[in-house]
>>> print(open('entry04.cif').read())   # mmCIF, C-alpha atoms and all ligand atoms
data_protein
loop_
_atom_site.group_PDB
_atom_site.id
_atom_site.type_symbol
_atom_site.label_atom_id
_atom_site.label_comp_id
_atom_site.auth_asym_id
_atom_site.auth_seq_id
_atom_site.Cartn_x
_atom_site.Cartn_y
_atom_site.Cartn_z
ATOM 1 C CA MET T 188 -8.419 100.825 1.742
ATOM 2 C CA LEU T 189 -10.565 103.866 2.384
ATOM 3 C CA ILE T 190 -13.010 103.696 5.282
ATOM 4 C CA LEU T 191 -15.984 106.035 5.745
ATOM 5 C CA SER T 192 -17.860 105.942 9.055
ATOM 6 C CA SER T 193 -20.482 108.172 10.624
ATOM 7 C CA PRO T 194 -23.552 108.088 12.796
ATOM 8 C CA SER T 195 -26.603 106.971 10.837
ATOM 9 C CA GLY T 196 -27.899 109.796 8.650
ATOM 10 C CA ALA T 197 -24.753 111.955 8.554
ATOM 11 C CA GLY T 198 -24.360 111.215 4.855
ATOM 12 C CA LYS T 199 -21.746 108.507 4.306
ATOM 13 C CA THR T 200 -23.858 106.450 1.880
ATOM 14 C CA THR T 201 -24.537 109.579 -0.192
ATOM 15 C CA LEU T 202 -20.849 110.480 -0.194
ATOM 16 C CA THR T 203 -19.876 106.873 -0.967
ATOM 17 C CA ARG T 204 -22.167 106.958 -4.001
ATOM 18 C CA MET T 205 -20.581 110.226 -5.170
ATOM 19 C CA LEU T 206 -17.079 108.788 -4.771
ATOM 20 C CA LEU T 207 -18.013 105.636 -6.702
ATOM 21 C CA GLN T 208 -19.575 107.708 -9.502
ATOM 22 C CA SER T 209 -16.344 109.625 -9.901
ATOM 23 C CA LYS T 210 -14.764 107.538 -12.696
ATOM 24 C CA ALA T 211 -11.375 109.220 -12.317
ATOM 25 C CA LEU T 212 -11.053 107.886 -8.747
ATOM 26 C CA ASP T 213 -11.711 104.289 -9.817
ATOM 27 C CA LEU T 214 -12.762 103.086 -6.357
ATOM 28 C CA THR T 215 -14.475 99.748 -5.767
ATOM 29 C CA LEU T 216 -17.026 99.311 -2.988
ATOM 30 C CA SER T 217 -16.618 96.507 -0.484
ATOM 31 C CA ILE T 218 -20.088 94.949 -0.365
ATOM 32 C CA SER T 219 -20.915 93.905 3.182
ATOM 33 C CA VAL T 220 -23.142 91.099 4.362
ATOM 34 C CA THR T 221 -25.919 92.075 6.747
ATOM 35 C CA THR T 222 -28.776 90.503 8.666
ATOM 36 C CA ARG T 223 -30.744 93.793 8.403
ATOM 37 C CA ALA T 224 -33.932 93.773 6.351
ATOM 38 C CA ARG T 225 -33.519 95.255 2.864
ATOM 39 C CA ARG T 226 -34.810 98.822 2.390
ATOM 40 C CA SER T 227 -37.083 99.472 -0.588
ATOM 41 C CA SER T 228 -34.323 101.477 -2.294
ATOM 42 C CA GLU T 229 -31.705 98.747 -1.888
ATOM 43 C CA VAL T 230 -30.670 96.018 -4.312
ATOM 44 C CA GLU T 231 -29.211 92.662 -3.276
ATOM 45 C CA GLY T 232 -25.538 92.435 -4.284
ATOM 46 C CA ILE T 233 -25.251 96.180 -4.968
ATOM 47 C CA HIS T 234 -25.809 97.723 -1.555
ATOM 48 C CA TYR T 235 -25.430 94.617 0.602
ATOM 49 C CA HIS T 236 -25.708 90.866 0.548
ATOM 50 C CA PHE T 237 -28.780 90.329 2.718
ATOM 51 C CA ILE T 238 -28.361 87.091 4.637
ATOM 52 C CA SER T 239 -29.949 85.263 7.561
ATOM 53 C CA ARG T 240 -28.547 85.260 11.072
ATOM 54 C CA LYS T 241 -27.569 81.600 10.602
ATOM 55 C CA GLN T 242 -25.679 82.369 7.389
ATOM 56 C CA PHE T 243 -23.929 85.259 9.125
ATOM 57 C CA GLU T 244 -22.840 83.059 12.040
ATOM 58 C CA SER T 245 -21.500 80.478 9.628
ATOM 59 C CA LEU T 246 -19.382 83.110 7.794
ATOM 60 C CA ARG T 247 -18.162 84.568 11.081
ATOM 61 C CA ASP T 248 -17.314 81.181 12.591
ATOM 62 C CA THR T 249 -15.361 80.049 9.528
ATOM 63 C CA ASP T 250 -13.221 83.227 9.518
ATOM 64 C CA ALA T 251 -14.696 84.310 6.188
ATOM 65 C CA LEU T 252 -15.097 87.909 7.431
ATOM 66 C CA LEU T 253 -12.265 90.437 7.661
ATOM 67 C CA GLU T 254 -14.284 92.267 10.327
ATOM 68 C CA TRP T 255 -17.785 92.216 11.725
ATOM 69 C CA ALA T 256 -19.933 94.077 14.250
ATOM 70 C CA GLU T 257 -23.390 94.324 15.714
ATOM 71 C CA VAL T 258 -24.821 97.748 14.834
ATOM 72 C CA HIS T 259 -28.322 99.001 15.743
ATOM 73 C CA GLY T 260 -29.306 95.407 16.631
ATOM 74 C CA ASN T 261 -28.235 93.848 13.311
ATOM 75 C CA PHE T 262 -25.055 92.084 12.226
ATOM 76 C CA TYR T 263 -22.765 93.423 9.513
ATOM 77 C CA GLY T 264 -19.483 92.117 8.131
ATOM 78 C CA THR T 265 -16.918 92.412 5.354
ATOM 79 C CA PRO T 266 -16.351 89.185 3.392
ATOM 80 C CA SER T 267 -12.590 88.581 2.998
ATOM 81 C CA GLU T 268 -12.520 86.698 -0.292
ATOM 82 C CA PRO T 269 -13.930 89.330 -2.685
ATOM 83 C CA LEU T 270 -11.883 91.985 -0.908
ATOM 84 C CA GLU T 271 -8.642 90.090 -1.443
ATOM 85 C CA ALA T 272 -9.508 89.624 -5.118
ATOM 86 C CA ILE T 273 -10.060 93.389 -5.579
ATOM 87 C CA LEU T 274 -6.896 94.326 -3.679
ATOM 88 C CA GLY T 275 -4.983 91.685 -5.661
ATOM 89 C CA GLN T 276 -5.863 93.612 -8.840
ATOM 90 C CA GLY T 277 -4.192 96.666 -7.308
ATOM 91 C CA ARG T 278 -7.491 98.503 -6.892
ATOM 92 C CA ASP T 279 -8.453 100.822 -4.032
ATOM 93 C CA VAL T 280 -11.449 99.710 -1.972
ATOM 94 C CA LEU T 281 -14.047 101.866 -0.244
ATOM 95 C CA PHE T 282 -15.675 100.648 2.988
ATOM 96 C CA ASP T 283 -18.885 102.032 4.518
ATOM 97 C CA ILE T 284 -18.480 100.472 7.975
ATOM 98 C CA ASP T 285 -18.881 101.492 11.612
ATOM 99 C CA TYR T 286 -16.194 102.401 14.172
ATOM 100 C CA GLN T 287 -15.911 98.821 15.480
ATOM 101 C CA GLY T 288 -15.223 97.492 11.985
ATOM 102 C CA ALA T 289 -12.848 100.395 11.234
ATOM 103 C CA ARG T 290 -10.822 99.490 14.305
ATOM 104 C CA GLN T 291 -10.559 95.825 13.249
ATOM 105 C CA VAL T 292 -9.511 96.697 9.682
ATOM 106 C CA LYS T 293 -6.868 99.117 11.022
ATOM 107 C CA GLN T 294 -5.513 96.408 13.323
ATOM 108 C CA LYS T 295 -5.261 93.920 10.458
ATOM 109 C CA ALA T 296 -4.205 96.109 7.557
ATOM 110 C CA GLY T 297 -2.418 98.989 9.335
ATOM 111 C CA THR T 298 -0.760 101.454 7.001
ATOM 112 C CA ASP T 299 -2.810 100.392 3.968
ATOM 113 C CA VAL T 300 -5.867 101.999 5.547
ATOM 114 C CA VAL T 301 -7.125 105.590 5.476
ATOM 115 C CA SER T 302 -10.114 106.280 7.704
ATOM 116 C CA ILE T 303 -12.534 109.196 7.598
ATOM 117 C CA PHE T 304 -15.293 110.041 10.056
ATOM 118 C CA ILE T 305 -18.249 112.112 8.881
ATOM 119 C CA LEU T 306 -19.998 114.328 11.435
ATOM 120 C CA PRO T 307 -23.399 115.978 11.026
ATOM 121 C CA PRO T 308 -23.443 119.777 11.501
ATOM 122 C CA THR T 309 -25.940 119.432 14.395
ATOM 123 C CA MET T 310 -27.908 116.656 16.126
ATOM 124 C CA ARG T 311 -31.114 118.376 15.026
ATOM 125 C CA GLU T 312 -30.013 118.164 11.382
ATOM 126 C CA LEU T 313 -29.066 114.493 11.875
ATOM 127 C CA ARG T 314 -32.613 113.747 13.003
ATOM 128 C CA ALA T 315 -34.041 115.801 10.128
ATOM 129 C CA ARG T 316 -31.942 113.868 7.589
ATOM 130 C CA LEU T 317 -33.099 110.504 8.932
ATOM 131 C CA GLU T 318 -36.715 111.700 8.842
ATOM 132 C CA ARG T 319 -36.398 113.207 5.358
ATOM 133 C CA ARG T 320 -34.800 110.016 4.058
ATOM 134 C CA ALA T 321 -38.030 108.271 5.095
ATOM 135 C CA GLU T 322 -36.519 104.782 4.828
ATOM 136 C CA ASP T 323 -36.899 103.637 8.423
ATOM 137 C CA PRO T 324 -39.879 103.527 10.812
ATOM 138 C CA PRO T 325 -39.849 105.993 13.763
ATOM 139 C CA GLU T 326 -38.647 103.395 16.303
ATOM 140 C CA ILE T 327 -35.620 102.525 14.126
ATOM 141 C CA ILE T 328 -34.823 106.229 13.652
ATOM 142 C CA ALA T 329 -35.053 106.688 17.441
ATOM 143 C CA LYS T 330 -32.624 103.786 18.007
ATOM 144 C CA ARG T 331 -30.169 105.158 15.440
ATOM 145 C CA LEU T 332 -30.265 108.623 17.040
ATOM 146 C CA GLU T 333 -29.752 107.040 20.456
ATOM 147 C CA ASN T 334 -26.643 105.229 19.143
ATOM 148 C CA ALA T 335 -25.325 108.342 17.373
ATOM 149 C CA ARG T 336 -23.694 109.796 20.498
ATOM 150 C CA THR T 337 -21.685 106.609 21.154
ATOM 151 C CA GLU T 338 -20.626 106.466 17.492
ATOM 152 C CA ILE T 339 -19.596 110.144 17.487
ATOM 153 C CA SER T 340 -17.508 109.582 20.635
ATOM 154 C CA HIS T 341 -15.100 107.494 18.500
ATOM 155 C CA TRP T 342 -14.214 110.368 16.140
ATOM 156 C CA ALA T 343 -10.608 110.625 17.376
ATOM 157 C CA GLN T 344 -9.664 107.108 16.168
ATOM 158 C CA TYR T 345 -9.949 108.327 12.551
ATOM 159 C CA ASP T 346 -7.268 109.839 10.298
ATOM 160 C CA TYR T 347 -9.637 112.584 9.111
ATOM 161 C CA VAL T 348 -12.886 114.086 10.406
ATOM 162 C CA LEU T 349 -15.224 116.046 8.112
ATOM 163 C CA ILE T 350 -18.341 117.986 9.058
ATOM 164 C CA ASN T 351 -20.910 117.241 6.354
ATOM 165 C CA ASP T 352 -22.782 120.518 6.258
ATOM 166 C CA ASP T 353 -22.537 121.409 2.577
ATOM 167 C CA LEU T 354 -22.571 118.122 0.617
ATOM 168 C CA GLN T 355 -20.528 119.355 -2.360
ATOM 169 C CA ARG T 356 -17.896 120.877 -0.089
ATOM 170 C CA THR T 357 -17.578 117.628 1.881
ATOM 171 C CA PHE T 358 -17.251 115.685 -1.362
ATOM 172 C CA GLU T 359 -14.472 118.013 -2.510
ATOM 173 C CA ASP T 360 -12.672 117.496 0.811
ATOM 174 C CA LEU T 361 -12.948 113.736 0.285
ATOM 175 C CA LEU T 362 -11.479 114.069 -3.211
ATOM 176 C CA ALA T 363 -8.590 116.066 -1.769
ATOM 177 C CA ILE T 364 -7.928 113.383 0.859
ATOM 178 C CA VAL T 365 -7.932 110.551 -1.696
ATOM 179 C CA THR T 366 -5.669 112.493 -4.070
ATOM 180 C CA THR T 367 -3.191 113.378 -1.329
ATOM 181 C CA GLU T 368 -3.151 109.912 0.229
ATOM 182 C CA ARG T 369 -2.432 108.352 -3.169
ATOM 183 C CA LEU T 370 0.642 110.592 -3.494
ATOM 184 C CA ARG T 371 2.223 109.457 -0.224
ATOM 185 C CA THR T 372 5.743 108.067 -0.779
ATOM 186 C CA PRO T 373 5.101 104.520 0.564
ATOM 187 C CA ARG T 374 2.133 104.132 -1.818
ATOM 188 C CA LEU T 375 4.230 105.231 -4.825
ATOM 189 C CA LYS T 376 7.324 103.285 -3.838
ATOM 190 C CA GLU T 377 7.204 100.533 -6.499
ATOM 191 C CA GLY T 378 6.708 102.840 -9.453
ATOM 192 C CA LEU T 379 8.936 105.575 -8.049
ATOM 193 C CA GLY T 380 11.841 103.196 -7.359
ATOM 194 C CA ALA T 381 12.148 102.347 -11.036
ATOM 195 C CA PHE T 382 11.706 105.993 -12.030
ATOM 196 C CA VAL T 383 14.416 107.204 -9.640
ATOM 197 C CA GLU T 384 16.774 104.437 -10.772
ATOM 198 C CA GLY T 385 16.308 105.547 -14.382
ATOM 199 C CA LEU T 386 16.798 109.166 -13.335
ATOM 200 C CA LEU T 387 20.061 108.398 -11.572
ATOM 201 C CA ASN T 388 21.341 106.400 -14.547
ATOM 202 C CA GLU T 389 20.790 109.323 -16.922
ATOM 203 C CA PRO T 390 24.000 111.039 -17.952
ATOM 204 C CA GLY T 391 22.365 114.426 -17.347
ATOM 205 C CA GLU T 392 23.779 116.052 -20.495
HETATM 206 N N1 LIG T 401 -24.788 117.621 3.352
HETATM 207 C C1 LIG T 401 -26.073 117.202 3.327
HETATM 208 N N2 LIG T 401 -27.057 118.107 3.419
HETATM 209 C C2 LIG T 401 -28.356 117.730 3.412
HETATM 210 N N3 LIG T 401 -28.781 116.445 3.314
HETATM 211 C C3 LIG T 401 -27.837 115.498 3.226
HETATM 212 C C4 LIG T 401 -26.438 115.814 3.227
HETATM 213 N N4 LIG T 401 -25.745 114.657 3.139
HETATM 214 C C5 LIG T 401 -26.652 113.668 3.067
HETATM 215 N N5 LIG T 401 -27.912 114.168 3.113
HETATM 216 C C6 LIG T 401 -29.191 113.428 3.107
HETATM 217 O O1 LIG T 401 -29.333 112.858 4.415
HETATM 218 C C7 LIG T 401 -29.960 111.574 4.335
HETATM 219 C C8 LIG T 401 -29.062 110.543 5.034
HETATM 220 O O2 LIG T 401 -27.904 110.359 4.240
HETATM 221 P P1 LIG T 401 -27.251 108.935 4.042
HETATM 222 O O3 LIG T 401 -28.289 107.911 3.742
HETATM 223 O O4 LIG T 401 -26.148 109.101 3.066
HETATM 224 O O5 LIG T 401 -26.683 108.708 5.523
HETATM 225 P P2 LIG T 401 -25.812 107.535 6.125
HETATM 226 O O6 LIG T 401 -24.782 108.153 6.969
HETATM 227 O O7 LIG T 401 -25.322 106.637 5.049
HETATM 228 O O8 LIG T 401 -26.865 106.752 7.026
HETATM 229 P P3 LIG T 401 -26.958 105.180 7.370
HETATM 230 O O9 LIG T 401 -25.790 104.842 8.210
HETATM 231 O O10 LIG T 401 -28.258 105.076 8.101
HETATM 232 O O11 LIG T 401 -26.988 104.410 6.078
HETATM 233 C C9 LIG T 401 -30.197 111.283 2.867
HETATM 234 O O12 LIG T 401 -31.544 111.581 2.557
HETATM 235 C C10 LIG T 401 -29.242 112.244 2.142
HETATM 236 O O13 LIG T 401 -29.738 112.632 0.881
HETATM 237 N N1 LIG T 402 -18.545 96.910 11.053
HETATM 238 C C1 LIG T 402 -19.324 96.999 9.974
HETATM 239 N N2 LIG T 402 -20.258 97.974 9.889
HETATM 240 C C2 LIG T 402 -20.972 98.047 8.759
HETATM 241 C C3 LIG T 402 -20.802 97.162 7.690
HETATM 242 N N3 LIG T 402 -21.674 97.489 6.703
HETATM 243 C C4 LIG T 402 -22.352 98.565 7.154
HETATM 244 N N4 LIG T 402 -21.932 98.916 8.383
HETATM 245 C C5 LIG T 402 -22.381 100.013 9.227
HETATM 246 O O1 LIG T 402 -23.622 99.695 9.819
HETATM 247 C C6 LIG T 402 -24.330 100.904 10.105
HETATM 248 C C7 LIG T 402 -25.752 100.794 9.648
HETATM 249 O O2 LIG T 402 -25.810 100.681 8.250
HETATM 250 P P1 LIG T 402 -27.239 100.739 7.513
HETATM 251 O O3 LIG T 402 -26.955 100.411 6.075
HETATM 252 O O4 LIG T 402 -28.122 99.754 8.189
HETATM 253 O O5 LIG T 402 -27.736 102.146 7.676
HETATM 254 C C8 LIG T 402 -23.547 102.020 9.409
HETATM 255 O O6 LIG T 402 -22.782 102.670 10.404
HETATM 256 C C9 LIG T 402 -22.661 101.283 8.456
HETATM 257 O O7 LIG T 402 -21.474 101.987 8.191
HETATM 258 C C10 LIG T 402 -19.809 96.139 7.809
HETATM 259 O O8 LIG T 402 -19.578 95.313 6.923
HETATM 260 N N5 LIG T 402 -19.114 96.110 8.960
#
>>> encode(input="entry04.cif", output="structure tokens", more="lines below")
Ligand SMILES: Nc1ncnc2c1ncn2[C@@H]1O[C@H](COP(=O)(O)OP(=O)(O)OP(=O)(O)O)[C@@H](O)[C@H]1O
Ligand SMILES: Nc1nc2c(ncn2[C@@H]2O[C@H](COP(=O)(O)O)[C@@H](O)[C@H]2O)c(=O)[nH]1
Amino acid sequence: MLILSSPSGAGKTTLTRMLLQSKALDLTLSISVTTRARRSSEVEGIHYHFISRKQFESLRDTDALLEWAEVHGNFYGTPSEPLEAILGQGRDVLFDIDYQGARQVKQKAGTDVVSIFILPPTMRELRARLERRAEDPPEIIAKRLENARTEISHWAQYDYVLINDDLQRTFEDLLAIVTTERLRTPRLKEGLGAFVEGLLNEPGE
């Protein structure tokens, strides 16, 4: 499970898209439910499942969410069932969730989780990116910038922290993290066990 978090506008959705487009990585996105209104660029079932507050409460109260949080005045959560199906196929899952959700997933899934926090190079650039994106009205941008400092204060709970100045460079750092994490001994154990057994049973001549 690979988690990307950042203050709004630092670039995690852009980087998520780049990671998903990289066929060699073969990552699957965890599609969250949210009570936020859909942006014009977003598609139901691709970016989010857009649901009502009542539907959200019903999912939350029936333990159908692995984690959930209130962010910028809206509710967001990760549905457990599709996630379990993806993990059951042995696939790696990418999460675009906030620090509260990251903490809950870490508590529940522990060593199966790798978390990455994306920082903007400056607060001025963060504002500029939100304005250039032109997806949210000024009052929503103001709220997101106001929340950014609290979100950034949680950077140290993450396994990795990247400063997203140059997009391509940040993407390459992400690729390096995924490649390295996949090579960790505990993640290779099943396949390696059989390989080592075969190796030790070879006569060696
Ligand atoms: N390294 C970068 N340099 C310049 N612009 C960038 C960079 N990374 C992302 N952007 C741009 O910044 C804007 C915000 O990026 P993005 O939507 O990915 O942010 P986000 O962290 O997912 O925000 P949110 O949490 O609000 O969804 C987009 O217009 C994106 O194209
Ligand atoms: N804890 C969770 N946070 C989530 C989830 N899905 C998205 N998010 C985070 O919310 C903010 C705002 O997202 P936006 O799409 O409205 O810009 C951002 O930090 C996301 O990472 C979730 O399922 N759980």
>>> residues_near_ligand(input="entry04.cif", ligand="ligand LIG 402 (chain T)", cutoff="7 Å", atoms="all atoms listed in the file", output="number ranges by chain")
T: 192-195, 219-221, 223, 254-256, 258-259, 263-265, 283-289
>>> residues_around(input="entry04.cif", residues="Leu354 (chain T)", least_positions_apart="5", cutoff="12 Å", atoms="all atoms listed in the file", output="ChimeraX atom specification")
/T:197-203,205,305-308,349,359-361
>>> residues_near_point(input="entry04.cif", point="(-27.8, 90.1, 7.7)", cutoff="10 Å", atoms="only C-alpha atoms", output="list of chain:residue names")
T:Ser219, T:Val220, T:Thr221, T:Thr222, T:Arg223, T:Ala224, T:Arg225, T:Tyr235, T:His236, T:Phe237, T:Ile238, T:Ser239, T:Arg240, T:Lys241, T:Gln242, T:Phe243, T:Glu244, T:Asn261, T:Phe262, T:Tyr263, T:Gly264
>>> write_last_selection(input="entry04.cif", atoms="C-alpha atoms", output="short mmCIF file (atom, residue, chain, number, x, y, z; two decimals), keeping the file's coordinate frame")
data_model
loop_
_atom_site.label_atom_id
_atom_site.label_comp_id
_atom_site.auth_asym_id
_atom_site.auth_seq_id
_atom_site.Cartn_x
_atom_site.Cartn_y
_atom_site.Cartn_z
CA SER T 219 -20.92 93.90 3.18
CA VAL T 220 -23.14 91.10 4.36
CA THR T 221 -25.92 92.08 6.75
CA THR T 222 -28.78 90.50 8.67
CA ARG T 223 -30.74 93.79 8.40
CA ALA T 224 -33.93 93.77 6.35
CA ARG T 225 -33.52 95.26 2.86
CA TYR T 235 -25.43 94.62 0.60
CA HIS T 236 -25.71 90.87 0.55
CA PHE T 237 -28.78 90.33 2.72
CA ILE T 238 -28.36 87.09 4.64
CA SER T 239 -29.95 85.26 7.56
CA ARG T 240 -28.55 85.26 11.07
CA LYS T 241 -27.57 81.60 10.60
CA GLN T 242 -25.68 82.37 7.39
CA PHE T 243 -23.93 85.26 9.12
CA GLU T 244 -22.84 83.06 12.04
CA ASN T 261 -28.24 93.85 13.31
CA PHE T 262 -25.06 92.08 12.23
CA TYR T 263 -22.76 93.42 9.51
CA GLY T 264 -19.48 92.12 8.13
#
>>> atom_distance(input="entry04.cif", atom1="CA of Arg319 (chain T)", atom2="CA of Glu333 (chain T)")
17.6 Å
>>> closest_residue(input="entry04.cif", among="T:Ile273, T:Phe304, T:Thr367, T:Asp352", to="Ile190 (chain T)", atoms="all atoms listed in the file")
T:Phe304
>>> closest_residue(input="entry04.cif", among="T:Met310, T:Val292, T:Asp213, T:Gly391", to="Asn334 (chain T)", atoms="all atoms listed in the file")
T:Met310
>>> residues_around(input="entry04.cif", residues="Asp279 (chain T)", least_positions_apart="6", cutoff="9 Å", atoms="only C-alpha atoms", output="number ranges by chain")
T: 188-189, 212-216, 273
>>> residues_around(input="entry04.cif", residues="Ile364 (chain T)", least_positions_apart="4", cutoff="12 Å", atoms="all atoms listed in the file", output="list in words")
Leu189, Ile190, Leu191, Leu206, Leu212, Val301, Ser302, Ile303, Asp346, Tyr347, Val348, Leu349, Thr357, Phe358, Glu359, Asp360, Glu368, Arg369, Leu370 and Arg371 of chain T
>>> write_last_selection(input="entry04.cif", atoms="C-alpha atoms", output="PDB file, in the frame of the given file")
ATOM      1  CA  LEU T 189     -10.565 103.866   2.384  1.00  0.00           C
ATOM      2  CA  ILE T 190     -13.010 103.696   5.282  1.00  0.00           C
ATOM      3  CA  LEU T 191     -15.984 106.035   5.745  1.00  0.00           C
ATOM      4  CA  LEU T 206     -17.079 108.788  -4.771  1.00  0.00           C
ATOM      5  CA  LEU T 212     -11.053 107.886  -8.747  1.00  0.00           C
ATOM      6  CA  VAL T 301      -7.125 105.590   5.476  1.00  0.00           C
ATOM      7  CA  SER T 302     -10.114 106.280   7.704  1.00  0.00           C
ATOM      8  CA  ILE T 303     -12.534 109.196   7.598  1.00  0.00           C
ATOM      9  CA  ASP T 346      -7.268 109.839  10.298  1.00  0.00           C
ATOM     10  CA  TYR T 347      -9.637 112.584   9.111  1.00  0.00           C
ATOM     11  CA  VAL T 348     -12.886 114.086  10.406  1.00  0.00           C
ATOM     12  CA  LEU T 349     -15.224 116.046   8.112  1.00  0.00           C
ATOM     13  CA  THR T 357     -17.578 117.628   1.881  1.00  0.00           C
ATOM     14  CA  PHE T 358     -17.251 115.685  -1.362  1.00  0.00           C
ATOM     15  CA  GLU T 359     -14.472 118.013  -2.510  1.00  0.00           C
ATOM     16  CA  ASP T 360     -12.672 117.496   0.811  1.00  0.00           C
ATOM     17  CA  GLU T 368      -3.151 109.912   0.229  1.00  0.00           C
ATOM     18  CA  ARG T 369      -2.432 108.352  -3.169  1.00  0.00           C
ATOM     19  CA  LEU T 370       0.642 110.592  -3.494  1.00  0.00           C
ATOM     20  CA  ARG T 371       2.223 109.457  -0.224  1.00  0.00           C
TER      21      ARG T 371
END
>>> closest_residue(input="entry04.cif", among="T:Leu332, T:Leu379, T:Leu386, T:Ala343", to="ligand LIG 401 (chain T)", atoms="only C-alpha atoms and all ligand atoms")
T:Leu332
>>> closest_residue(input="entry04.cif", among="T:Arg320, T:Ile328, T:Ala381, T:Trp342", to="Ser228 (chain T)", atoms="all atoms listed in the file")
T:Arg320
>>> atom_distance(input="entry04.cif", atom1="atom O2 of ligand LIG 401 (chain T)", atom2="CA of Ala321 (chain T)")
10.4 Å
>>> axis_aligned_box(input="entry04.cif", around="ligand LIG 401 (chain T)", padding_each_side="6 Å", output="AutoDock Vina command-line options")
--center_x -28.2 --center_y 111.3 --center_z 4.5 --size_x 18.8 --size_y 25.7 --size_z 19.3
>>> closest_residue(input="entry04.cif", among="T:Glu257, T:Asp353, T:Glu268, T:Glu326", to="ligand LIG 401 (chain T)", atoms="all atoms listed in the file")
T:Asp353
>>> closest_residue(input="entry04.cif", among="T:Lys210, T:Arg374, T:Arg247, T:Arg314", to="ligand LIG 401 (chain T)", atoms="only C-alpha atoms and all ligand atoms")
T:Arg314
>>> atom_distance(input="entry04.cif", atom1="CA of Lys376 (chain T)", atom2="CA of Arg278 (chain T)")
15.9 Å
>>> decode(input="entry04.cif", residues="region 353-368 of chain T", atoms="N, CA and C atoms", output="CSV table (one decimal), in the first residue's frame")
chain,number,residue,atom,x,y,z
T,353,ASP,N,10.6,20.5,-9.1
T,353,ASP,CA,10.6,20.0,-10.5
T,353,ASP,C,9.8,18.7,-10.6
T,354,LEU,N,8.7,18.8,-11.4
T,354,LEU,CA,7.7,17.6,-11.4
T,354,LEU,C,8.4,16.3,-11.8
T,355,GLN,N,9.2,16.4,-12.9
T,355,GLN,CA,9.8,15.2,-13.4
T,355,GLN,C,10.8,14.6,-12.4
T,356,ARG,N,11.5,15.4,-11.7
T,356,ARG,CA,12.5,15.0,-10.7
T,356,ARG,C,11.7,14.3,-9.6
T,357,THR,N,10.6,14.9,-9.2
T,357,THR,CA,9.9,14.3,-8.1
T,357,THR,C,9.3,12.9,-8.5
T,358,PHE,N,8.8,12.9,-9.7
T,358,PHE,CA,8.3,11.6,-10.2
T,358,PHE,C,9.4,10.5,-10.2
T,359,GLU,N,10.6,10.9,-10.7
T,359,GLU,CA,11.7,10.0,-10.7
T,359,GLU,C,12.1,9.5,-9.3
T,360,ASP,N,12.0,10.4,-8.3
T,360,ASP,CA,12.2,10.0,-6.9
T,360,ASP,C,11.1,9.0,-6.4
T,361,LEU,N,9.9,9.3,-6.9
T,361,LEU,CA,8.8,8.3,-6.5
T,361,LEU,C,9.1,6.9,-7.1
T,362,LEU,N,9.5,6.9,-8.4
T,362,LEU,CA,9.8,5.6,-9.0
T,362,LEU,C,10.9,4.9,-8.2
T,363,ALA,N,11.9,5.7,-7.8
T,363,ALA,CA,13.0,5.0,-7.0
T,363,ALA,C,12.5,4.5,-5.7
T,364,ILE,N,11.6,5.2,-5.1
T,364,ILE,CA,11.1,4.7,-3.8
T,364,ILE,C,10.3,3.4,-4.0
T,365,VAL,N,9.4,3.4,-5.0
T,365,VAL,CA,8.6,2.2,-5.3
T,365,VAL,C,9.5,1.0,-5.6
T,366,THR,N,10.5,1.2,-6.5
T,366,THR,CA,11.4,0.2,-6.9
T,366,THR,C,12.1,-0.4,-5.7
T,367,THR,N,12.7,0.5,-4.9
T,367,THR,CA,13.4,0.0,-3.7
T,367,THR,C,12.6,-0.7,-2.7
T,368,GLU,N,11.4,-0.1,-2.4
T,368,GLU,CA,10.5,-0.7,-1.4
T,368,GLU,C,10.1,-2.1,-1.9
